[in-house]
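Worksheet: the structure to be examined is printed underneath.
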Amino acid sequence: KNFFEPLDNWKKWLYAKTGLKIGGDYNALYLIATDSLGDQQSSSDVFRGYGSWELLGRGTPDTGSLIYKVEYRHGYTDVAPTDLASELGYVGRIQLAFSNQGFRTTNLYWRQSLFNSRGVAYLGFLDVTDYVDVYGLTSPWTSFNNFAFSTGSASIGGLPDGSLGAMVGVWVTDNIYAVGGLADANSDPTDVFEGFDTFFEEFETFKSVELGWTRGKDRVILENAHLTFWQIDEREK
């Protein structure tokens, strides 16, 4: 018997009544090195709460929803996994998600489906890795720890999250898609609403355009080939 069946049924009832979907997960990571210039061990955990509130067009192809994701990132050791690389003498990065950052807002935006679900638009506080260079096995939650296997293969610097901006994506054909976005390059997910000041006063942004191909819409996350063009403004931070 599914232990979570009563909870699943309640969540289905809640969505049917209100359009609200809720979810959450807990992740923990422990790393140990056989030898190190500094600390050899590192550990951290992350609790995430996320979901959507479907407020417009329920039951139609073109819905409008409020998307949210809040996190608490907590280090168990003096050095969190995101800082372990420098302890080892490694010039790359390890596990950017497992830090000692505390509370943060990764997503808080309006998602609007368009053109009979052939398009979508985001407006609000975005995580650009949700739509830039997307591939399923780059997820730090389910796949590799090394930043070289993450979005951009460590070639894209300064990917912001909790960032005020906008994105539009469309299916050009059933196999070809195009995505473009603009987001605040000075975002701080630990103080997300500061983004109104940094976006409008400094207007230093991350911009991207992507064109991709997939065998089918249901395969796009794990089976796609794409070209991504991006630019980030020079800034002091």
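By convention in this document, the chains of the structure tokens carry letters A, B, ... by their order, each chain's residues are numbered from 1, and ligands are numbered from 1 in the order they are shown.
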Contacts of Asn145 in chain A at 9 Å or less, counting only C-alpha atoms, minus same-chain residues fewer than 6 places along, as a PDB file with all heavy atoms, in the first residue's frame?
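Generated output (result17.pdb):
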ATOM      1  N   ARG A  93      34.220  24.009  -9.605  1.00  0.00           N
ATOM      2  CA  ARG A  93      33.188  24.179  -8.579  1.00  0.00           C
ATOM      3  C   ARG A  93      32.481  22.849  -8.342  1.00  0.00           C
ATOM      4  O   ARG A  93      32.355  22.023  -9.241  1.00  0.00           O
ATOM      5  CB  ARG A  93      32.147  25.227  -9.023  1.00  0.00           C
ATOM      6  CG  ARG A  93      32.709  26.607  -9.262  1.00  0.00           C
ATOM      7  CD  ARG A  93      33.290  27.254  -8.005  1.00  0.00           C
ATOM      8  NE  ARG A  93      32.292  27.382  -6.947  1.00  0.00           N
ATOM      9  CZ  ARG A  93      31.466  28.424  -6.833  1.00  0.00           C
ATOM     10  NH1 ARG A  93      31.514  29.416  -7.711  1.00  0.00           N
ATOM     11  NH2 ARG A  93      30.610  28.494  -5.843  1.00  0.00           N
ATOM     12  N   ILE A  94      32.037  22.655  -7.122  1.00  0.00           N
ATOM     13  CA  ILE A  94      31.309  21.455  -6.729  1.00  0.00           C
ATOM     14  C   ILE A  94      29.982  21.867  -6.110  1.00  0.00           C
ATOM     15  O   ILE A  94      29.936  22.737  -5.243  1.00  0.00           O
ATOM     16  CB  ILE A  94      32.114  20.623  -5.706  1.00  0.00           C
ATOM     17  CG1 ILE A  94      33.452  20.166  -6.302  1.00  0.00           C
ATOM     18  CG2 ILE A  94      31.308  19.417  -5.234  1.00  0.00           C
ATOM     19  CD1 ILE A  94      34.356  19.500  -5.288  1.00  0.00           C
ATOM     20  N   GLN A  95      28.913  21.270  -6.573  1.00  0.00           N
ATOM     21  CA  GLN A  95      27.589  21.366  -5.946  1.00  0.00           C
ATOM     22  C   GLN A  95      27.204  22.771  -5.484  1.00  0.00           C
ATOM     23  O   GLN A  95      27.220  23.074  -4.304  1.00  0.00           O
ATOM     24  CB  GLN A  95      27.507  20.405  -4.781  1.00  0.00           C
ATOM     25  CG  GLN A  95      26.719  19.162  -5.067  1.00  0.00           C
ATOM     26  CD  GLN A  95      25.312  19.425  -5.565  1.00  0.00           C
ATOM     27  OE1 GLN A  95      24.795  20.535  -5.549  1.00  0.00           O
ATOM     28  NE2 GLN A  95      24.655  18.380  -6.034  1.00  0.00           N
ATOM     29  N   LEU A  96      26.808  23.595  -6.420  1.00  0.00           N
ATOM     30  CA  LEU A  96      26.405  24.958  -6.087  1.00  0.00           C
ATOM     31  C   LEU A  96      25.135  25.011  -5.245  1.00  0.00           C
ATOM     32  O   LEU A  96      24.872  26.016  -4.585  1.00  0.00           O
ATOM     33  CB  LEU A  96      26.215  25.757  -7.369  1.00  0.00           C
ATOM     34  CG  LEU A  96      27.454  25.940  -8.249  1.00  0.00           C
ATOM     35  CD1 LEU A  96      27.154  26.871  -9.399  1.00  0.00           C
ATOM     36  CD2 LEU A  96      28.626  26.451  -7.439  1.00  0.00           C
ATOM     37  N   SER A 139      20.670  18.284 -13.683  1.00  0.00           N
ATOM     38  CA  SER A 139      20.086  18.656 -12.402  1.00  0.00           C
ATOM     39  C   SER A 139      21.008  18.285 -11.246  1.00  0.00           C
ATOM     40  O   SER A 139      21.404  17.116 -11.114  1.00  0.00           O
ATOM     41  CB  SER A 139      18.739  17.966 -12.206  1.00  0.00           C
ATOM     42  OG  SER A 139      18.277  18.141 -10.883  1.00  0.00           O
TER      43      SER A 139
END
Point to revise | Polymer residues at most 7 Å from Tyr50 in chain A, only C-alpha atoms, same-chain spacing of 5 or more positions, as a list of chain:residue names | key: A:Ile22, A:Gly23, A:Gly24, A:Tyr68, A:Lys69, A:Val70
Quick one: everything within 7 Å of Thr106 in chain A, counting only C-alpha atoms, minus sequence neighbours fewer than 6 positions away in the same chain. Send it as a PDB file with N, CA, C and O atoms, in the first residue's frame.
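This is the output file out_16.pdb:
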ATOM      1  N   LYS A  69       8.755  28.721  -5.427  1.00  0.00           N
ATOM      2  CA  LYS A  69       9.690  27.754  -4.835  1.00  0.00           C
ATOM      3  C   LYS A  69      10.532  28.481  -3.799  1.00  0.00           C
ATOM      4  O   LYS A  69      11.221  29.445  -4.108  1.00  0.00           O
ATOM      5  N   VAL A  70      10.453  28.042  -2.548  1.00  0.00           N
ATOM      6  CA  VAL A  70      11.269  28.600  -1.468  1.00  0.00           C
ATOM      7  C   VAL A  70      12.140  27.482  -0.907  1.00  0.00           C
ATOM      8  O   VAL A  70      11.744  26.309  -0.909  1.00  0.00           O
ATOM      9  N   LEU A 126      12.726  34.670 -11.535  1.00  0.00           N
ATOM     10  CA  LEU A 126      12.980  33.440 -12.270  1.00  0.00           C
ATOM     11  C   LEU A 126      14.309  32.807 -11.871  1.00  0.00           C
ATOM     12  O   LEU A 126      15.237  33.483 -11.422  1.00  0.00           O
ATOM     13  N   ASP A 127      14.414  31.513 -12.104  1.00  0.00           N
ATOM     14  CA  ASP A 127      15.682  30.793 -12.116  1.00  0.00           C
ATOM     15  C   ASP A 127      15.989  30.517 -13.584  1.00  0.00           C
ATOM     16  O   ASP A 127      15.309  29.711 -14.216  1.00  0.00           O
ATOM     17  N   ASP A 161      19.500  33.295 -10.256  1.00  0.00           N
ATOM     18  CA  ASP A 161      18.195  32.750  -9.887  1.00  0.00           C
ATOM     19  C   ASP A 161      17.561  33.675  -8.864  1.00  0.00           C
ATOM     20  O   ASP A 161      18.216  34.553  -8.305  1.00  0.00           O
ATOM     21  N   GLY A 162      16.256  33.495  -8.657  1.00  0.00           N
ATOM     22  CA  GLY A 162      15.521  34.488  -7.889  1.00  0.00           C
ATOM     23  C   GLY A 162      15.661  35.857  -8.526  1.00  0.00           C
ATOM     24  O   GLY A 162      15.734  36.881  -7.853  1.00  0.00           O
ATOM     25  N   PRO A 189      18.768  35.875  -4.270  1.00  0.00           N
ATOM     26  CA  PRO A 189      17.598  35.091  -3.859  1.00  0.00           C
ATOM     27  C   PRO A 189      17.341  35.098  -2.363  1.00  0.00           C
ATOM     28  O   PRO A 189      16.255  34.730  -1.928  1.00  0.00           O
TER      29      PRO A 189
END
Check your understanding: So which residues of range 20-223 of chain A fall under alpha helix (DSSP H) by DSSP, listed as a list in words?
Key -> Leu84, Ala85, Ser86, Glu87, Leu88, Gly195, Phe196 and Asp197 of chain A
Residue selection dump (N, CA, C and O atoms) as a PDB file, in the first residue's frame:
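Printed below is result.pdb as written:
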ATOM      1  N   LEU A  84      33.825  23.446  -0.974  1.00  0.00           N
ATOM      2  CA  LEU A  84      34.830  22.410  -0.735  1.00  0.00           C
ATOM      3  C   LEU A  84      35.940  22.404  -1.786  1.00  0.00           C
ATOM      4  O   LEU A  84      37.078  22.034  -1.479  1.00  0.00           O
ATOM      5  N   ALA A  85      35.627  22.817  -3.006  1.00  0.00           N
ATOM      6  CA  ALA A  85      36.606  22.740  -4.084  1.00  0.00           C
ATOM      7  C   ALA A  85      37.902  23.467  -3.740  1.00  0.00           C
ATOM      8  O   ALA A  85      39.005  22.956  -3.965  1.00  0.00           O
ATOM      9  N   SER A  86      37.795  24.664  -3.166  1.00  0.00           N
ATOM     10  CA  SER A  86      38.993  25.433  -2.833  1.00  0.00           C
ATOM     11  C   SER A  86      39.785  24.767  -1.713  1.00  0.00           C
ATOM     12  O   SER A  86      41.013  24.901  -1.644  1.00  0.00           O
ATOM     13  N   GLU A  87      39.112  24.036  -0.824  1.00  0.00           N
ATOM     14  CA  GLU A  87      39.814  23.298   0.225  1.00  0.00           C
ATOM     15  C   GLU A  87      40.659  22.173  -0.374  1.00  0.00           C
ATOM     16  O   GLU A  87      41.744  21.861   0.123  1.00  0.00           O
ATOM     17  N   LEU A  88      40.157  21.579  -1.449  1.00  0.00           N
ATOM     18  CA  LEU A  88      40.849  20.461  -2.087  1.00  0.00           C
ATOM     19  C   LEU A  88      41.973  20.920  -3.009  1.00  0.00           C
ATOM     20  O   LEU A  88      42.798  20.115  -3.428  1.00  0.00           O
ATOM     21  N   GLY A 195      15.449  42.850  -5.888  1.00  0.00           N
ATOM     22  CA  GLY A 195      15.562  42.802  -7.338  1.00  0.00           C
ATOM     23  C   GLY A 195      14.860  43.943  -8.053  1.00  0.00           C
ATOM     24  O   GLY A 195      15.254  44.314  -9.167  1.00  0.00           O
ATOM     25  N   PHE A 196      13.824  44.508  -7.437  1.00  0.00           N
ATOM     26  CA  PHE A 196      13.177  45.666  -8.059  1.00  0.00           C
ATOM     27  C   PHE A 196      14.157  46.834  -8.163  1.00  0.00           C
ATOM     28  O   PHE A 196      14.199  47.545  -9.173  1.00  0.00           O
ATOM     29  N   ASP A 197      14.989  47.019  -7.120  1.00  0.00           N
ATOM     30  CA  ASP A 197      15.969  48.105  -7.140  1.00  0.00           C
ATOM     31  C   ASP A 197      17.100  47.811  -8.123  1.00  0.00           C
ATOM     32  O   ASP A 197      17.459  48.671  -8.939  1.00  0.00           O
TER      33      ASP A 197
END
Exercise for review: Skip range 112-125 of chain A itself and residues of its chain fewer than 5 positions away, then list as a ChimeraX atom specification all residues within 8 Å of it, counting only C-alpha atoms.
Suggested key: /A:61-65,106-107,161-171,192
Review point. Excluding same-chain residues fewer than 6 positions from Ala28 in chain A, what lies within 10 Å of it counting only C-alpha atoms, as a PyMOL selection string?
Key: chain A and resi 43-47+73-76+98+141
Review point. From the set A:Gly19, A:Gly51, A:Gly57, A:Gly181, which residue has the shortest atom-to-atom contact distance to Leu108 in chain A, counting only C-alpha atoms?
Key: A:Gly51
Point to revise | Two-atom distance - CA of Gly89 in chain A, CA of Arg235 in chain A (Å) | key: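 If I compute the distance from CA of Gly89 in chain A to CA of Arg235 in chain A, I get 27.4 Å.
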Check your understanding: Mind pulling up the distance from CA of Trp213 in chain A to CA of His226 in chain A?
Key ->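 Separating CA of His226 in chain A from CA of Trp213 in chain A is a distance of 6.2 Å.
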Check your understanding: Which distance in Å separates CA of Phe200 in chain A and CA of Gly180 in chain A, to one decimal?
Key ->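 For CA of Phe200 in chain A relative to CA of Gly180 in chain A, the distance reads 19.8 Å.
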Exercise for review: Please provide as JSON, numbers by chain all residues within 6 Å of Ser52 in chain A, with the sequence filter that same-chain residues fewer than 3 positions apart are discarded (counting only C-alpha atoms).
Suggested key: {"A": [20, 21, 66, 67]}
Residues at most 10 Å from Thr138 in chain A, counting only C-alpha atoms, excluding those fewer than 4 positions away in the same chain, as a PDB file with N, CA and C atoms, in the first residue's frame?
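Contents of result17.pdb, freshly written:
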ATOM      1  N   THR A 129      18.116  28.829 -15.059  1.00  0.00           N
ATOM      2  CA  THR A 129      18.449  27.454 -15.426  1.00  0.00           C
ATOM      3  C   THR A 129      17.207  26.609 -15.694  1.00  0.00           C
ATOM      4  N   ASP A 133      19.621  26.254 -21.687  1.00  0.00           N
ATOM      5  CA  ASP A 133      20.441  25.049 -21.828  1.00  0.00           C
ATOM      6  C   ASP A 133      19.877  23.888 -21.011  1.00  0.00           C
ATOM      7  N   VAL A 134      18.570  23.655 -21.114  1.00  0.00           N
ATOM      8  CA  VAL A 134      17.909  22.649 -20.286  1.00  0.00           C
ATOM      9  C   VAL A 134      18.204  21.239 -20.793  1.00  0.00           C
ATOM     10  N   THR A 142      19.511  15.377  -8.893  1.00  0.00           N
ATOM     11  CA  THR A 142      19.344  13.975  -9.286  1.00  0.00           C
ATOM     12  C   THR A 142      20.555  13.394  -9.993  1.00  0.00           C
ATOM     13  N   SER A 143      21.515  14.220 -10.388  1.00  0.00           N
ATOM     14  CA  SER A 143      22.576  13.722 -11.264  1.00  0.00           C
ATOM     15  C   SER A 143      23.962  14.006 -10.694  1.00  0.00           C
ATOM     16  N   PHE A 144      24.746  14.847 -11.360  1.00  0.00           N
ATOM     17  CA  PHE A 144      26.162  15.003 -11.018  1.00  0.00           C
ATOM     18  C   PHE A 144      26.407  16.143 -10.034  1.00  0.00           C
ATOM     19  N   ASN A 145      27.496  16.002  -9.249  1.00  0.00           N
ATOM     20  CA  ASN A 145      27.887  17.034  -8.298  1.00  0.00           C
ATOM     21  C   ASN A 145      28.795  18.092  -8.914  1.00  0.00           C
ATOM     22  N   ASN A 146      29.568  17.715  -9.912  1.00  0.00           N
ATOM     23  CA  ASN A 146      30.537  18.639 -10.493  1.00  0.00           C
ATOM     24  C   ASN A 146      29.840  19.679 -11.353  1.00  0.00           C
ATOM     25  N   PHE A 147      30.216  20.956 -11.171  1.00  0.00           N
ATOM     26  CA  PHE A 147      29.603  22.047 -11.920  1.00  0.00           C
ATOM     27  C   PHE A 147      29.803  21.904 -13.424  1.00  0.00           C
ATOM     28  N   ALA A 148      30.841  21.147 -13.830  1.00  0.00           N
ATOM     29  CA  ALA A 148      31.100  20.940 -15.252  1.00  0.00           C
ATOM     30  C   ALA A 148      29.974  20.161 -15.935  1.00  0.00           C
ATOM     31  N   PHE A 149      29.152  19.471 -15.142  1.00  0.00           N
ATOM     32  CA  PHE A 149      28.031  18.716 -15.706  1.00  0.00           C
ATOM     33  C   PHE A 149      26.704  19.445 -15.515  1.00  0.00           C
ATOM     34  N   SER A 150      26.757  20.683 -15.034  1.00  0.00           N
ATOM     35  CA  SER A 150      25.539  21.453 -14.811  1.00  0.00           C
ATOM     36  C   SER A 150      25.210  22.313 -16.029  1.00  0.00           C
ATOM     37  N   THR A 151      24.174  23.144 -15.890  1.00  0.00           N
ATOM     38  CA  THR A 151      23.757  24.014 -16.987  1.00  0.00           C
ATOM     39  C   THR A 151      24.939  24.806 -17.527  1.00  0.00           C
ATOM     40  N   GLY A 152      25.154  24.728 -18.838  1.00  0.00           N
ATOM     41  CA  GLY A 152      26.247  25.459 -19.473  1.00  0.00           C
ATOM     42  C   GLY A 152      27.584  24.770 -19.398  1.00  0.00           C
ATOM     43  N   SER A 153      27.641  23.585 -18.745  1.00  0.00           N
ATOM     44  CA  SER A 153      28.896  22.823 -18.616  1.00  0.00           C
ATOM     45  C   SER A 153      30.030  23.701 -18.095  1.00  0.00           C
ATOM     46  N   LEU A 222      14.812  15.273 -21.822  1.00  0.00           N
ATOM     47  CA  LEU A 222      15.930  14.333 -21.898  1.00  0.00           C
ATOM     48  C   LEU A 222      16.441  14.092 -23.311  1.00  0.00           C
TER      49      LEU A 222
END
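Proximity of A:Thr60, A:Ala80, A:Ala225, A:Leu14 to Gln40 in chain A, computed with only C-alpha atoms, is greatest for A:Ala80.
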Check your understanding: Which of these residues is nearest to Glu71 in chain A, using only C-alpha atoms: A:Val128, A:Ile221, A:Val91, A:Ala97?
Key ->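 Among A:Val128, A:Ile221, A:Val91, A:Ala97, it is A:Ala97 that comes nearest to Glu71 in chain A.
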